[in-house]
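Worksheet for the structure shown next.
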Amino acid sequence: MRPSAPPSPSSGLVLLLVVCPLLVVVHASSSKAENGHSTHLGDTDPDRCMRHHFVETITHPIYKCNSKMVLLARCEGHCSHTSRSDPLISFSSVLKQPFKSTCFCCRPHTSKLKAVRLRCAGGTRITATYRYILACNCEECS
């Protein structure tokens, strides 16, 4: 009998190492702060700031046009960040703005422009445009 040789690279044995970078990205973004404020991926508060969908009927206020129903989105909910007011120091006898207030509001973060065409009397068409909200964030109020 002939002694068996150790397996060569062409013996058909393949070692496959799979790395999932998506998991690393999700983990990194969930613990990362957005706009200097911490965010949590597992936030289960049903009243938190988030996008809510609703249906609206678009009609022209003057012309007789066929109305169309469209899906819209709004930002609604509370932000878990603390609001505060700090006194401002002035070297003038007139203090125009005595406090600097910081609060956070539920606002659209990203949106896209959409258009709907309405067919009107006489065969004319009128285009109505609106912003469709893609994502909401707690951002500093202005």
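Identifiers in this document derive from the order of the structure tokens: chains are assigned A, B, ..., residues are numbered from 1 separately in each chain, and ligands are numbered from 1 in order of occurrence.
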Write down as an mmCIF file with C-alpha atoms, in the first residue's frame the residues belonging to stretch 34-111 of chain A that are assigned strand (DSSP E) by DSSP computed on the backbone.
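This is the output file out-v7.cif:
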```
data_model
loop_
_atom_site.group_PDB
_atom_site.id
_atom_site.type_symbol
_atom_site.label_atom_id
_atom_site.label_comp_id
_atom_site.auth_asym_id
_atom_site.auth_seq_id
_atom_site.Cartn_x
_atom_site.Cartn_y
_atom_site.Cartn_z
ATOM 1 C CA GLU A 34 -26.947 61.713 16.013
ATOM 2 C CA HIS A 37 -27.697 63.109 21.095
ATOM 3 C CA SER A 38 -27.796 59.402 21.800
ATOM 4 C CA MET A 50 -41.721 58.907 14.087
ATOM 5 C CA ARG A 51 -43.360 59.033 10.662
ATOM 6 C CA HIS A 52 -47.112 58.441 10.502
ATOM 7 C CA HIS A 53 -48.999 57.828 7.250
ATOM 8 C CA PHE A 54 -52.423 59.191 6.366
ATOM 9 C CA VAL A 55 -54.557 59.620 3.254
ATOM 10 C CA GLU A 56 -55.549 63.063 1.974
ATOM 11 C CA THR A 57 -57.836 64.042 -0.881
ATOM 12 C CA ILE A 58 -56.291 66.674 -3.143
ATOM 13 C CA LYS A 68 -57.220 62.383 -6.137
ATOM 14 C CA MET A 69 -56.451 60.532 -2.935
ATOM 15 C CA VAL A 70 -52.740 60.417 -2.021
ATOM 16 C CA LEU A 71 -50.716 58.832 0.751
ATOM 17 C CA LEU A 72 -48.930 61.455 2.858
ATOM 18 C CA ALA A 73 -46.707 61.255 5.927
ATOM 19 C CA ARG A 74 -46.240 63.493 8.959
ATOM 20 C CA CYS A 75 -43.743 63.584 11.812
ATOM 21 C CA GLU A 76 -45.394 63.149 15.163
ATOM 22 C CA ARG A 84 -33.744 73.741 29.155
ATOM 23 C CA SER A 85 -33.198 77.490 29.403
ATOM 24 C CA ASP A 86 -29.839 78.956 30.414
ATOM 25 C CA PRO A 87 -29.337 82.602 31.431
ATOM 26 C CA PHE A 99 -32.164 83.299 28.112
ATOM 27 C CA LYS A 100 -30.910 80.742 25.611
ATOM 28 C CA SER A 101 -33.510 78.002 25.377
ATOM 29 C CA THR A 102 -32.788 74.558 23.993
ATOM 30 C CA PHE A 104 -36.013 69.366 20.613
ATOM 31 C CA CYS A 105 -38.863 68.945 18.147
ATOM 32 C CA CYS A 106 -40.063 66.050 16.039
ATOM 33 C CA ARG A 107 -39.255 67.229 12.501
ATOM 34 C CA PRO A 108 -38.795 65.821 9.007
ATOM 35 C CA HIS A 109 -35.214 64.672 8.435
ATOM 36 C CA THR A 110 -35.451 63.563 4.803
ATOM 37 C CA SER A 111 -38.193 64.028 2.232
#
```
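The list of residues with at least one atom within 8 Å of A:Lys64, based on only C-alpha atoms and without residues fewer than 4 positions apart in the same chain, reads His60, Cys120 and Ala121 of chain A.
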Top pick for closest residue to A:Arg117, considering A:Gln97, A:Ser92, A:Ser142, A:Thr129 and counting only C-alpha atoms: A:Thr129
Atom CA of A:Cys65 to atom CA of A:Ala128, distance in Å rounded to a single decimal: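 We find that atom CA of A:Cys65 and atom CA of A:Ala128 lie 11.6 Å from each other.
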